[in-house]
file target.cif (mmCIF, C-alpha atoms)
data_work
#
loop_
_atom_site.label_atom_id
_atom_site.label_comp_id
_atom_site.auth_asym_id
_atom_site.auth_seq_id
_atom_site.Cartn_x
_atom_site.Cartn_y
_atom_site.Cartn_z
CA MET Z 1077 0.00 0.00 0.00
CA GLU Z 1078 3.02 2.25 0.46
CA HIS Z 1079 3.29 3.05 -3.23
CA ILE Z 1080 -0.26 4.42 -3.48
CA ALA Z 1081 -0.10 6.40 -0.25
CA TRP Z 1082 0.09 9.62 -2.31
CA MET Z 1083 -3.45 8.97 -3.54
CA ALA Z 1084 -4.77 9.30 0.02
CA TRP Z 1085 -7.44 6.60 -0.31
CA THR Z 1086 -10.25 6.32 2.21
CA LEU Z 1087 -12.86 3.60 2.50
CA PRO Z 1088 -15.85 5.82 1.45
CA THR Z 1089 -14.11 7.18 -1.66
CA ALA Z 1090 -12.90 3.67 -2.53
CA ILE Z 1091 -16.48 2.32 -2.28
CA PHE Z 1092 -17.67 5.25 -4.42
CA PHE Z 1093 -15.14 4.54 -7.17
CA VAL Z 1094 -15.65 0.76 -7.06
CA MET Z 1095 -19.39 1.28 -7.54
CA LEU Z 1096 -18.79 3.81 -10.30
CA SER Z 1097 -16.44 1.47 -12.17
CA LEU Z 1098 -18.86 -1.45 -11.68
CA THR Z 1099 -21.64 0.68 -13.18
CA LEU Z 1100 -19.44 1.58 -16.13
CA GLY Z 1101 -18.45 -2.06 -16.53
CA VAL Z 1102 -22.06 -3.22 -16.53
CA MET Z 1103 -23.02 -0.47 -18.99
CA THR Z 1104 -20.15 -1.50 -21.29
CA TRP Z 1105 -21.22 -5.13 -21.14
CA LEU Z 1106 -24.86 -4.16 -21.73
CA ALA Z 1107 -23.91 -2.06 -24.76
CA ALA Z 1108 -21.97 -4.98 -26.26
CA ALA Z 1109 -24.42 -7.73 -25.34
CA TYR Z 1110 -27.68 -5.89 -26.01
CA PRO Z 1111 -27.04 -3.12 -28.56
CA GLU Z 1112 -29.75 -0.49 -28.57
CA ALA Z 1113 -30.93 2.28 -30.83
CA GLU Z 1114 -30.90 5.94 -29.82
CA ARG Z 1115 -34.19 7.27 -28.56
CA VAL Z 1116 -35.65 10.77 -28.35
CA GLY Z 1117 -37.22 11.65 -25.00
CA VAL Z 1118 -38.43 14.74 -23.16
CA LEU Z 1119 -35.19 16.64 -23.83
CA ARG Z 1120 -35.87 16.10 -27.55
CA ILE Z 1121 -32.31 14.92 -28.14
CA PRO Z 1122 -31.35 11.39 -29.18
CA THR Z 1123 -29.87 9.58 -26.17
CA THR Z 1124 -28.40 6.15 -25.52
CA ARG Z 1125 -28.23 4.35 -22.16
CA GLY Z 1126 -24.74 5.83 -21.70
CA ASP Z 1127 -26.02 9.37 -22.27
CA ARG Z 1128 -28.79 8.80 -19.76
CA LEU Z 1129 -26.28 7.46 -17.22
CA PHE Z 1130 -24.09 10.52 -17.77
CA ILE Z 1131 -27.07 12.86 -17.28
CA SER Z 1132 -28.08 10.95 -14.13
CA LEU Z 1133 -24.57 11.14 -12.64
CA VAL Z 1134 -24.17 14.86 -13.37
CA LEU Z 1135 -27.65 15.48 -12.00
CA ALA Z 1136 -26.75 13.50 -8.85
CA ALA Z 1137 -23.63 15.64 -8.34
CA VAL Z 1138 -25.67 18.84 -8.77
CA ILE Z 1139 -28.43 17.62 -6.42
CA HIS Z 1140 -25.88 16.75 -3.71
CA LEU Z 1141 -24.10 20.10 -4.04
CA LEU Z 1142 -27.39 22.04 -3.94
CA TRP Z 1143 -28.45 20.01 -0.89
CA ILE Z 1144 -25.17 20.80 0.89
CA ALA Z 1145 -25.52 24.49 -0.01
CA PHE Z 1146 -29.17 25.03 0.88
CA VAL Z 1147 -30.21 22.27 3.32
CA GLY Z 1148 -26.98 21.32 5.04
CA ILE Z 1149 -25.63 18.03 6.36
CA ASP Z 1150 -27.13 17.87 9.88
CA SER Z 1151 -27.91 14.40 11.15
CA ILE Z 1152 -31.54 13.30 10.94
CA ALA Z 1153 -31.41 9.97 12.73
CA THR Z 1154 -29.10 7.79 14.79
CA LEU Z 1155 -28.76 4.09 14.05
CA PRO Z 1156 -28.61 1.91 17.18
CA ILE Z 1157 -25.31 0.31 16.19
CA GLY Z 1158 -22.48 0.42 18.73
CA GLU Z 1159 -22.32 3.96 20.09
CA GLY Z 1160 -24.92 5.06 17.54
CA VAL Z 1161 -24.18 5.81 13.88
CA GLU Z 1162 -25.48 9.23 12.82
CA ILE Z 1163 -27.26 9.48 9.49
CA SER Z 1164 -26.61 12.74 7.64
CA SER Z 1165 -29.51 14.41 5.85
CA LEU Z 1166 -27.31 14.23 2.76
CA TRP Z 1167 -28.59 10.66 2.30
CA LEU Z 1168 -31.93 12.23 1.39
CA ALA Z 1169 -30.14 13.90 -1.53
CA THR Z 1170 -28.84 10.46 -2.51
CA VAL Z 1171 -32.41 9.11 -2.45
CA ILE Z 1172 -33.61 12.04 -4.58
CA SER Z 1173 -30.69 11.40 -6.97
CA LEU Z 1174 -31.66 7.74 -7.33
CA VAL Z 1175 -35.30 8.66 -7.98
CA SER Z 1176 -34.21 11.28 -10.53
CA ALA Z 1177 -31.92 8.71 -12.17
CA VAL Z 1178 -34.87 6.36 -12.61
CA ALA Z 1179 -36.88 9.25 -14.06
CA VAL Z 1180 -34.03 10.15 -16.43
CA PHE Z 1181 -33.68 6.55 -17.63
CA ARG Z 1182 -37.41 6.28 -18.27
CA THR Z 1183 -38.20 9.64 -19.83
CA VAL Z 1184 -35.08 11.28 -21.31
CA MET N 1086 -37.81 1.62 -38.21
CA ASP N 1087 -35.43 1.04 -35.32
CA LYS N 1088 -31.90 0.34 -36.35
CA THR N 1089 -29.61 -1.46 -33.91
CA ILE N 1090 -26.08 -0.21 -33.47
CA ASN N 1091 -23.15 -2.54 -32.89
CA GLN N 1092 -21.18 -1.12 -29.97
CA LYS N 1093 -18.32 -3.67 -30.02
CA ALA N 1094 -15.98 -1.22 -31.77
CA TRP N 1095 -15.77 0.65 -28.45
CA PHE N 1096 -13.38 -2.05 -27.18
CA LEU N 1097 -10.83 -0.61 -29.61
CA VAL N 1098 -10.76 2.45 -27.37
CA LEU N 1099 -9.15 0.39 -24.61
CA PRO N 1100 -5.50 1.50 -25.28
CA VAL N 1101 -6.56 5.16 -25.14
CA PHE N 1102 -8.49 4.41 -21.97
CA LEU N 1103 -5.32 3.05 -20.34
CA VAL N 1104 -3.31 6.13 -21.29
CA VAL N 1105 -6.08 8.44 -20.05
CA ALA N 1106 -6.32 6.39 -16.86
CA PHE N 1107 -2.72 7.24 -16.00
CA SER N 1108 -2.80 10.86 -17.13
CA ALA N 1109 -6.28 11.91 -16.01
CA ILE N 1110 -8.43 9.38 -14.19
CA LEU N 1111 -5.95 8.45 -11.42
CA PRO N 1112 -5.07 12.11 -10.72
CA LEU N 1113 -8.80 12.98 -10.71
CA MET N 1114 -9.48 10.15 -8.23
CA THR N 1115 -6.73 11.58 -6.04
CA VAL N 1116 -8.42 14.98 -6.17
CA VAL N 1117 -11.70 13.38 -5.07
CA ASN N 1118 -9.84 11.70 -2.18
CA TYR N 1119 -8.22 15.00 -1.18
CA SER N 1120 -11.57 16.82 -1.27
CA MET N 1121 -12.84 14.65 1.58
CA GLN N 1122 -9.79 15.11 3.80
CA ASP N 1123 -7.51 17.64 5.43
CA THR N 1124 -3.75 17.43 5.45
CA PHE N 1125 -0.92 19.19 7.19
CA GLY N 1126 1.69 17.74 4.84
CA ASN N 1127 3.87 14.65 5.21
CA ASN N 1128 1.19 12.52 3.49
CA GLN N 1129 -0.95 12.48 6.64
CA PHE N 1130 -4.65 12.89 6.00
CA PHE N 1131 -7.64 13.41 8.28
CA TRP N 1132 -11.22 12.63 7.25
CA ASN N 1133 -13.40 15.72 6.79
CA GLY N 1134 -16.39 14.31 4.90
CA VAL N 1135 -18.17 16.91 2.79
CA GLY N 1136 -16.99 19.69 5.11
CA TRP N 1137 -14.96 21.48 2.43
CA PHE N 1138 -17.91 21.43 0.02
CA LYS N 1139 -20.15 22.91 2.72
CA GLU N 1140 -17.62 25.67 3.33
CA LEU N 1141 -17.13 26.21 -0.40
CA LEU N 1142 -20.84 26.73 -1.09
CA ASP N 1143 -21.44 28.97 1.93
CA PRO N 1144 -20.80 32.64 1.02
CA SER N 1145 -20.32 33.60 4.68
CA THR N 1146 -17.11 31.56 5.03
CA ASP N 1147 -13.72 32.70 3.77
CA LEU N 1148 -13.44 29.87 1.22
CA GLY N 1149 -17.04 30.20 -0.02
CA GLY N 1150 -16.82 33.98 -0.25
CA ARG N 1151 -13.64 33.81 -2.28
CA PHE N 1152 -14.95 31.06 -4.55
CA LEU N 1153 -18.30 32.67 -5.31
CA ALA N 1154 -16.70 36.10 -5.82
CA SER N 1155 -14.12 34.72 -8.24
CA LEU N 1156 -16.83 32.70 -10.01
CA GLY N 1157 -18.89 35.88 -10.45
CA ARG N 1158 -15.86 37.77 -11.79
CA ASN N 1159 -15.12 34.89 -14.16
CA LEU N 1160 -18.66 34.79 -15.54
CA LEU N 1161 -18.65 38.57 -15.97
CA PHE N 1162 -15.30 38.36 -17.77
CA SER N 1163 -16.55 35.60 -20.10
CA ALA N 1164 -19.76 37.52 -20.84
CA ILE N 1165 -17.86 40.72 -21.66
CA ILE N 1166 -15.28 39.11 -23.94
CA LEU N 1167 -17.98 37.09 -25.75
CA ALA N 1168 -20.06 40.23 -26.25
CA ILE N 1169 -17.03 41.94 -27.81
CA GLU N 1170 -15.23 39.12 -29.64
CA VAL N 1171 -18.18 37.49 -31.40
CA PRO N 1172 -19.63 40.61 -33.12
CA LEU N 1173 -16.11 41.92 -33.79
CA GLY N 1174 -15.04 38.59 -35.25
CA ILE N 1175 -18.08 38.59 -37.56
CA VAL N 1176 -17.34 42.14 -38.71
CA VAL N 1177 -13.69 41.27 -39.38
CA ALA N 1178 -14.69 38.12 -41.31
CA LEU N 1179 -17.24 40.05 -43.37
CA SER N 1180 -14.74 42.73 -44.30
CA MET N 1181 -12.06 40.26 -45.37
CA PRO N 1182 -11.42 39.88 -49.11
CA ARG N 1183 -13.06 36.85 -50.76
CA ASP N 1184 -10.23 36.09 -53.20
CA GLY N 1185 -6.85 37.28 -54.48
CA TRP N 1186 -3.45 37.54 -52.84
CA SER N 1187 -4.81 39.67 -49.99
CA VAL N 1188 -6.68 36.64 -48.57
CA ALA N 1189 -3.39 34.94 -47.69
CA ALA N 1190 -2.01 38.18 -46.22
CA CYS N 1191 -5.12 38.68 -44.08
CA LEU N 1192 -5.06 35.08 -42.85
CA VAL N 1193 -1.40 35.31 -41.82
CA ILE N 1194 -1.93 38.60 -39.98
CA LEU N 1195 -5.02 37.24 -38.24
CA ALA N 1196 -3.26 34.03 -37.25
CA LEU N 1197 -0.30 35.84 -35.66
CA PRO N 1198 -1.84 36.55 -32.22
CA LEU N 1199 -3.07 32.94 -32.03
CA LEU N 1200 0.49 31.66 -32.38
CA ILE N 1201 1.83 33.58 -29.41
CA PRO N 1202 2.00 31.59 -26.13
CA TRP N 1203 -0.27 32.82 -23.32
CA ASN N 1204 2.52 33.90 -20.99
CA VAL N 1205 4.21 35.86 -23.79
CA VAL N 1206 0.91 37.63 -24.54
CA GLY N 1207 0.72 38.44 -20.84
CA THR N 1208 4.26 39.78 -20.80
CA ILE N 1209 3.69 41.86 -23.95
CA TRP N 1210 0.65 43.56 -22.41
CA GLN N 1211 2.26 43.84 -19.00
CA ILE N 1212 5.04 45.93 -20.54
CA PHE N 1213 2.78 47.62 -23.14
CA GLY N 1214 0.49 48.95 -20.41
CA ARG N 1215 3.11 50.19 -17.96
CA PRO N 1216 2.80 53.94 -17.39
CA ASP N 1217 6.58 54.47 -17.16
CA ILE N 1218 7.99 52.50 -20.12
CA GLY N 1219 5.00 50.95 -21.93
CA LEU N 1220 3.83 52.46 -25.20
CA LEU N 1221 0.12 52.23 -24.31
CA GLY N 1222 0.45 53.27 -20.67
CA TYR N 1223 2.82 56.16 -21.40
CA THR N 1224 0.68 57.45 -24.30
CA LEU N 1225 -2.56 57.33 -22.33
CA ASN N 1226 -1.00 59.14 -19.38
CA SER N 1227 0.54 61.74 -21.70
CA LEU N 1228 -2.93 62.38 -23.11
CA GLY N 1229 -4.09 63.17 -19.61
CA ILE N 1230 -5.91 59.88 -18.96
CA ASN N 1231 -4.87 58.55 -15.60
CA TYR N 1232 -4.24 54.90 -16.49
CA ASN N 1233 -2.54 52.42 -14.20
CA TYR N 1234 -3.51 48.75 -14.22
CA VAL N 1235 -1.51 48.04 -11.07
CA SER N 1236 -3.51 50.32 -8.80
CA ASN N 1237 -6.86 50.91 -10.54
CA GLU N 1238 -9.42 48.09 -10.71
CA PHE N 1239 -11.17 49.43 -13.80
CA ASP N 1240 -7.87 49.82 -15.66
CA ALA N 1241 -6.85 46.28 -14.68
CA TRP N 1242 -10.14 44.87 -16.03
CA ALA N 1243 -9.90 46.96 -19.21
CA THR N 1244 -6.34 45.74 -19.80
CA VAL N 1245 -7.23 42.08 -19.29
CA ILE N 1246 -10.30 42.36 -21.54
CA VAL N 1247 -8.53 44.25 -24.33
CA MET N 1248 -5.68 41.74 -24.13
CA ASP N 1249 -8.09 38.82 -24.51
CA VAL N 1250 -9.87 40.55 -27.39
CA TRP N 1251 -6.52 41.18 -29.06
CA HIS N 1252 -5.45 37.57 -28.54
CA TRP N 1253 -8.62 35.70 -29.52
CA THR N 1254 -10.84 37.77 -31.84
CA SER N 1255 -8.79 36.29 -34.69
CA LEU N 1256 -10.05 32.83 -33.81
CA VAL N 1257 -13.69 33.92 -34.07
CA ALA N 1258 -12.91 35.81 -37.28
CA LEU N 1259 -11.16 32.82 -38.87
CA LEU N 1260 -14.00 30.46 -37.94
CA CYS N 1261 -16.58 32.90 -39.33
CA TYR N 1262 -14.52 33.37 -42.46
CA ALA N 1263 -14.46 29.59 -42.99
CA GLY N 1264 -18.24 29.58 -42.55
CA LEU N 1265 -18.65 32.42 -45.05
CA LYS N 1266 -16.41 30.72 -47.61
CA SER N 1267 -18.61 27.62 -47.55
CA ILE N 1268 -21.68 29.57 -48.78
CA PRO N 1269 -22.17 28.78 -52.49
CA ASP N 1270 -22.24 31.78 -54.87
CA ALA N 1271 -25.75 30.78 -55.99
CA TYR N 1272 -27.16 32.20 -52.73
CA TYR N 1273 -25.62 35.61 -53.39
CA GLN N 1274 -26.75 35.54 -57.01
CA ALA N 1275 -30.32 34.74 -55.94
CA ALA N 1276 -30.19 37.55 -53.38
CA GLN N 1277 -28.95 39.95 -56.06
CA ILE N 1278 -31.80 38.98 -58.40
CA ASP N 1279 -34.30 39.57 -55.58
CA GLY N 1280 -32.69 42.95 -54.95
CA ALA N 1281 -31.85 42.08 -51.34
CA SER N 1282 -30.10 44.75 -49.28
CA ARG N 1283 -26.66 44.18 -47.69
CA TRP N 1284 -28.37 43.76 -44.30
CA ALA N 1285 -30.89 41.26 -45.70
CA VAL N 1286 -28.06 39.20 -47.20
CA PHE N 1287 -26.36 39.20 -43.80
CA THR N 1288 -29.43 38.22 -41.75
CA ALA N 1289 -31.01 35.78 -44.24
CA ILE N 1290 -27.96 34.08 -45.77
CA GLN N 1291 -24.68 34.74 -44.00
CA LEU N 1292 -25.76 34.58 -40.37
CA PRO N 1293 -27.80 31.35 -40.68
CA LYS N 1294 -24.98 29.74 -42.64
CA MET N 1295 -22.47 30.77 -39.98
CA ASN N 1296 -24.68 29.34 -37.24
CA ARG N 1297 -22.60 26.26 -36.53
CA VAL N 1298 -19.16 27.87 -36.68
CA LEU N 1299 -20.45 30.66 -34.44
CA LEU N 1300 -21.63 28.07 -31.93
CA ILE N 1301 -18.18 26.46 -32.00
CA ALA N 1302 -16.58 29.89 -31.59
CA VAL N 1303 -18.79 30.75 -28.61
CA LEU N 1304 -18.10 27.36 -27.02
CA LEU N 1305 -14.34 27.64 -27.47
CA ARG N 1306 -14.16 31.22 -26.27
CA PHE N 1307 -16.41 30.58 -23.30
CA MET N 1308 -14.46 27.55 -22.12
CA ASP N 1309 -11.13 29.26 -22.68
CA SER N 1310 -12.14 32.44 -20.91
CA PHE N 1311 -13.78 30.52 -18.09
CA MET N 1312 -10.52 28.65 -17.49
CA ILE N 1313 -8.25 31.66 -18.07
CA TYR N 1314 -5.20 31.74 -15.85
CA THR N 1315 -1.89 32.70 -17.43
CA GLU N 1316 -2.64 36.08 -19.01
CA PRO N 1317 -4.27 37.86 -16.03
CA PHE N 1318 -1.77 36.15 -13.71
CA VAL N 1319 1.18 37.58 -15.66
CA VAL N 1320 -0.35 41.06 -16.14
CA THR N 1321 -2.12 41.80 -12.87
CA GLY N 1322 -1.36 38.77 -10.66
CA GLY N 1323 -5.06 38.81 -9.77
CA GLY N 1324 -4.92 42.38 -8.45
CA PRO N 1325 -5.32 45.13 -7.55
CA GLY N 1326 -6.69 43.51 -4.42
CA ASN N 1327 -8.66 40.57 -5.74
CA SER N 1328 -10.32 42.43 -8.59
CA THR N 1329 -8.98 40.24 -11.41
CA THR N 1330 -8.65 37.02 -9.41
CA PHE N 1331 -10.53 34.52 -11.56
CA VAL N 1332 -11.45 31.01 -10.40
CA SER N 1333 -8.27 29.33 -11.65
CA ILE N 1334 -6.07 31.98 -10.02
CA GLU N 1335 -7.99 31.55 -6.75
CA LEU N 1336 -7.56 27.78 -7.07
CA VAL N 1337 -3.80 28.04 -7.48
CA LYS N 1338 -3.59 30.45 -4.53
CA ILE N 1339 -5.43 27.97 -2.31
CA ALA N 1340 -3.69 24.82 -3.58
CA LEU N 1341 -0.10 26.01 -3.93
CA GLY N 1342 -0.04 29.30 -2.02
CA GLN N 1343 -1.74 28.07 1.14
CA PHE N 1344 -1.23 24.35 0.45
CA ASP N 1345 -4.87 23.68 1.47
CA LEU N 1346 -5.22 20.56 -0.63
CA GLY N 1347 -8.69 19.66 0.69
CA LYS N 1348 -10.20 23.08 -0.02
CA ALA N 1349 -8.51 23.29 -3.40
CA ALA N 1350 -9.69 19.79 -4.35
CA ALA N 1351 -13.30 20.61 -3.45
CA LEU N 1352 -13.05 23.84 -5.45
CA SER N 1353 -11.58 22.07 -8.47
CA LEU N 1354 -14.32 19.43 -8.46
CA VAL N 1355 -17.11 22.02 -8.43
CA TYR N 1356 -15.24 24.06 -11.08
CA ASN N 1357 -14.85 20.87 -13.12
CA LEU N 1358 -18.55 20.06 -12.78
CA ILE N 1359 -19.57 23.49 -14.07
CA ILE N 1360 -17.26 23.13 -17.09
CA LEU N 1361 -18.48 19.58 -17.71
CA ILE N 1362 -22.13 20.69 -17.74
CA VAL N 1363 -21.49 23.67 -20.01
CA CYS N 1364 -19.43 21.48 -22.35
CA TRP N 1365 -22.16 18.85 -22.50
CA VAL N 1366 -24.89 21.41 -23.21
CA PHE N 1367 -22.86 23.05 -25.98
CA TYR N 1368 -21.83 19.69 -27.43
CA THR N 1369 -25.40 18.41 -27.45
CA VAL N 1370 -26.75 21.58 -29.02
CA MET N 1371 -23.95 21.52 -31.61
CA THR N 1372 -24.30 17.88 -32.66
CA ASN N 1373 -28.09 18.11 -32.80
CA ALA N 1374 -28.10 21.38 -34.71
CA GLY N 1375 -26.16 19.52 -37.40
CA ALA N 1376 -28.17 16.30 -37.15
CA GLU N 1377 -31.57 17.91 -37.66
CA ARG N 1378 -30.92 19.17 -41.17
CA PRO N 1379 -30.49 15.86 -43.06
CA VAL N 1380 -33.61 14.47 -41.36
CA LYS N 1381 -35.66 17.45 -42.54
CA GLN N 1382 -34.29 17.18 -46.06
CA GLY N 1383 -35.08 13.46 -46.13
CA ALA N 1384 -38.65 14.08 -45.02
CA GLU N 1385 -39.34 16.71 -47.65
#

call {"tool": "encode", "arguments": {"input": "target.cif", "output": "structure tokens"}}
result
Amino acid sequence: MEHIAWMAWTLPTAIFFVMLSLTLGVMTWLAAAYPEAERVGVLRIPTTRGDRLFISLVLAAVIHLLWIAFVGIDSIATLPIGEGVEISSLWLATVISLVSAVAVFRTV
Amino acid sequence: MDKTINQKAWFLVLPVFLVVAFSAILPLMTVVNYSMQDTFGNNQFFWNGVGWFKELLDPSTDLGGRFLASLGRNLLFSAIILAIEVPLGIVVALSMPRDGWSVAACLVILALPLLIPWNVVGTIWQIFGRPDIGLLGYTLNSLGINYNYVSNEFDAWATVIVMDVWHWTSLVALLCYAGLKSIPDAYYQAAQIDGASRWAVFTAIQLPKMNRVLLIAVLLRFMDSFMIYTEPFVVTGGGPGNSTTFVSIELVKIALGQFDLGKAAALSLVYNLIILIVCWVFYTVMTNAGAERPVKQGAE
């Protein structure tokens, strides 16, 4: 691990990137295994699954940033694990992002 | 009819992906890691969660105040240079000769500013504008205009804007000229037969035909001006005060001046996101503006 110390890895960022690369891997496999045609949705631009994923990810980033800026990151609940794990309200932004991702994939 | 597309050719992109992974993706991952932590050097990091992002987006904090102020300055700068360079570029392109030896001469002269490296442009204007030895600064002061870009905010802004216009209007002009050249003579002949005025030719033929190149010009100039660093850094160093400190200058101050890697990483990610969104919007508009035409022609 010494040689990647400069990258300053943490468990949360590692989980984030593993999930991101898994998503990209699955999307790549999907594109090769089940090719699809472009489709025109509510944005009136032709999009593929990859485009819709990109839009969802960018939207998720914007939603999280707006949430941090206007709502904040105070804890909303405490899980009864060990000394109590606090749940930040930012998880609500994650839920909204997931819902918006589903909406993007269905309508855009 | 739905046509399926074979996506297997994308696997050929793999070698490029590996190169990009080393030059861009790994460094970007590191920036994401930094943005969640604080460090006091010596490769020791402390978890800070989204704390830097919260500070960055809160105008009442030092970091947020500086970021939002520099972002505002940057947007104002981009808006001003676009408002000057695009119309000026069109005018220059329209007044260029259409054929003969003078075309080559014009193209060479127009291309000259584009060939000069950013820091050299900065140095040229830094010296050009100095009130004691610079041609521009000395002349203006001799005429009784009190001009000093080191101490006066308005003069600093004017210098940086005029410098950018001098450096990049050529690009807009060359793109527009290429667009104008691609208009077939038949359009002009038809306009002449109809007795169209010069203005009508411009609004009904030239401007619509330049649509796409103008979009490219606006995209390029916006992105470039939004990421501007070298020229204002060399001329004004972000001053006087913070008046010409644009986002990239602020970023370098935080990252290398103060060595606040966490704050700088959070700032770069938000900066990156803004650029990514603008790029995507422009790219989508551009590709679809071109894609719509053949469909319409096919349907007619």

call {"tool": "interface_residues", "arguments": {"input": "target.cif", "of": "chain Z", "to": "chain N", "cutoff": "9 Å", "atoms": "all atoms listed in the file", "output": "mmCIF file with C-alpha atoms, keeping the file's coordinate frame"}}
result
data_model
loop_
_atom_site.group_PDB
_atom_site.id
_atom_site.type_symbol
_atom_site.label_atom_id
_atom_site.label_comp_id
_atom_site.auth_asym_id
_atom_site.auth_seq_id
_atom_site.Cartn_x
_atom_site.Cartn_y
_atom_site.Cartn_z
ATOM 1 C CA ALA Z 1081 -0.100 6.400 -0.250
ATOM 2 C CA TRP Z 1082 0.090 9.620 -2.310
ATOM 3 C CA MET Z 1083 -3.450 8.970 -3.540
ATOM 4 C CA ALA Z 1084 -4.770 9.300 0.020
ATOM 5 C CA TRP Z 1085 -7.440 6.600 -0.310
ATOM 6 C CA THR Z 1086 -10.250 6.320 2.210
ATOM 7 C CA THR Z 1089 -14.110 7.180 -1.660
ATOM 8 C CA ALA Z 1090 -12.900 3.670 -2.530
ATOM 9 C CA PHE Z 1093 -15.140 4.540 -7.170
ATOM 10 C CA THR Z 1104 -20.150 -1.500 -21.290
ATOM 11 C CA ALA Z 1107 -23.910 -2.060 -24.760
ATOM 12 C CA ALA Z 1108 -21.970 -4.980 -26.260
ATOM 13 C CA ALA Z 1109 -24.420 -7.730 -25.340
ATOM 14 C CA TYR Z 1110 -27.680 -5.890 -26.010
ATOM 15 C CA PRO Z 1111 -27.040 -3.120 -28.560
ATOM 16 C CA GLU Z 1112 -29.750 -0.490 -28.570
ATOM 17 C CA ALA Z 1113 -30.930 2.280 -30.830
ATOM 18 C CA GLU Z 1114 -30.900 5.940 -29.820
ATOM 19 C CA ILE Z 1121 -32.310 14.920 -28.140
ATOM 20 C CA PRO Z 1122 -31.350 11.390 -29.180
ATOM 21 C CA VAL Z 1134 -24.170 14.860 -13.370
ATOM 22 C CA ALA Z 1137 -23.630 15.640 -8.340
ATOM 23 C CA VAL Z 1138 -25.670 18.840 -8.770
ATOM 24 C CA LEU Z 1141 -24.100 20.100 -4.040
ATOM 25 C CA LEU Z 1142 -27.390 22.040 -3.940
ATOM 26 C CA ILE Z 1144 -25.170 20.800 0.890
ATOM 27 C CA ALA Z 1145 -25.520 24.490 -0.010
ATOM 28 C CA PHE Z 1146 -29.170 25.030 0.880
ATOM 29 C CA GLY Z 1148 -26.980 21.320 5.040
ATOM 30 C CA ILE Z 1149 -25.630 18.030 6.360
#

call {"tool": "resolve_selection", "arguments": {"input": "target.cif", "expression": "the PyMOL selection byres ((chain N and resi 1204-1217) around 6)", "output": "ChimeraX atom specification"}}
result
/N:1202-1203,1218-1223,1315-1316,1319-1320

call {"tool": "resolve_selection", "arguments": {"input": "target.cif", "expression": "the PyMOL selection byres ((chain Z and resi 1170) around 12)", "output": "PyMOL selection string"}}
result
chain Z and resi 1132-1133+1135-1144+1164-1169+1171-1177

call {"tool": "write_last_selection", "arguments": {"input": "target.cif", "atoms": "C-alpha atoms", "output": "CSV table (one decimal), keeping the file's coordinate frame"}}
result
chain,number,residue,atom,x,y,z
Z,1132,SER,CA,-28.1,11.0,-14.1
Z,1133,LEU,CA,-24.6,11.1,-12.6
Z,1135,LEU,CA,-27.6,15.5,-12.0
Z,1136,ALA,CA,-26.8,13.5,-8.8
Z,1137,ALA,CA,-23.6,15.6,-8.3
Z,1138,VAL,CA,-25.7,18.8,-8.8
Z,1139,ILE,CA,-28.4,17.6,-6.4
Z,1140,HIS,CA,-25.9,16.8,-3.7
Z,1141,LEU,CA,-24.1,20.1,-4.0
Z,1142,LEU,CA,-27.4,22.0,-3.9
Z,1143,TRP,CA,-28.4,20.0,-0.9
Z,1144,ILE,CA,-25.2,20.8,0.9
Z,1164,SER,CA,-26.6,12.7,7.6
Z,1165,SER,CA,-29.5,14.4,5.8
Z,1166,LEU,CA,-27.3,14.2,2.8
Z,1167,TRP,CA,-28.6,10.7,2.3
Z,1168,LEU,CA,-31.9,12.2,1.4
Z,1169,ALA,CA,-30.1,13.9,-1.5
Z,1171,VAL,CA,-32.4,9.1,-2.4
Z,1172,ILE,CA,-33.6,12.0,-4.6
Z,1173,SER,CA,-30.7,11.4,-7.0
Z,1174,LEU,CA,-31.7,7.7,-7.3
Z,1175,VAL,CA,-35.3,8.7,-8.0
Z,1176,SER,CA,-34.2,11.3,-10.5
Z,1177,ALA,CA,-31.9,8.7,-12.2

call {"tool": "atom_distance", "arguments": {"input": "target.cif", "atom1": "CA of Met1295 (chain N)", "atom2": "CA of Lys1266 (chain N)"}}
result
9.7 Å

call {"tool": "closest_residue", "arguments": {"input": "target.cif", "among": "N:Leu1148, N:Leu1260, N:Leu1299, N:Val1098", "to": "Ile1339 (chain N)", "atoms": "all atoms listed in the file"}}
result
N:Leu1148

call {"tool": "atom_distance", "arguments": {"input": "target.cif", "atom1": "CA of Val1247 (chain N)", "atom2": "CA of Ser1227 (chain N)"}}
result
19.9 Å

call {"tool": "residues_near_point", "arguments": {"input": "target.cif", "point": "(-12.9, 32.4, -32.3)", "cutoff": "9 Å", "atoms": "only C-alpha atoms", "output": "JSON, numbers by chain"}}
result
{"N": [1170, 1171, 1174, 1253, 1254, 1255, 1256, 1257, 1258, 1259, 1260, 1261, 1298, 1299, 1301, 1302, 1303, 1304, 1305, 1306]}

call {"tool": "atom_distance", "arguments": {"input": "target.cif", "atom1": "CA of Ile1110 (chain N)", "atom2": "CA of Phe1092 (chain Z)"}}
result
14.1 Å

call {"tool": "closest_residue", "arguments": {"input": "target.cif", "among": "N:Leu1179, N:Gly1322, N:Ile1165, N:Leu1195", "to": "Ala1241 (chain N)", "atoms": "all atoms listed in the file"}}
result
N:Gly1322

call {"tool": "closest_residue", "arguments": {"input": "target.cif", "among": "N:Phe1344, N:Phe1239, N:Tyr1262, N:Phe1125", "to": "Ser1180 (chain N)", "atoms": "all atoms listed in the file"}}
result
N:Tyr1262

call {"tool": "closest_residue", "arguments": {"input": "target.cif", "among": "Z:Ala1153, Z:Leu1087, Z:Ala1179, Z:Met1103", "to": "Gly1126 (chain Z)", "atoms": "all atoms listed in the file"}}
result
Z:Met1103

call {"tool": "decode", "arguments": {"input": "target.cif", "residues": "region 1129-1133 of chain Z", "atoms": "C-alpha atoms", "output": "short mmCIF file (atom, residue, chain, number, x, y, z; two decimals), in the first residue's frame"}}
result
data_model
loop_
_atom_site.label_atom_id
_atom_site.label_comp_id
_atom_site.auth_asym_id
_atom_site.auth_seq_id
_atom_site.Cartn_x
_atom_site.Cartn_y
_atom_site.Cartn_z
CA LEU Z 1129 -26.28 7.46 -17.22
CA PHE Z 1130 -24.09 10.52 -17.77
CA ILE Z 1131 -27.07 12.86 -17.28
CA SER Z 1132 -28.08 10.95 -14.13
CA LEU Z 1133 -24.57 11.14 -12.64
#
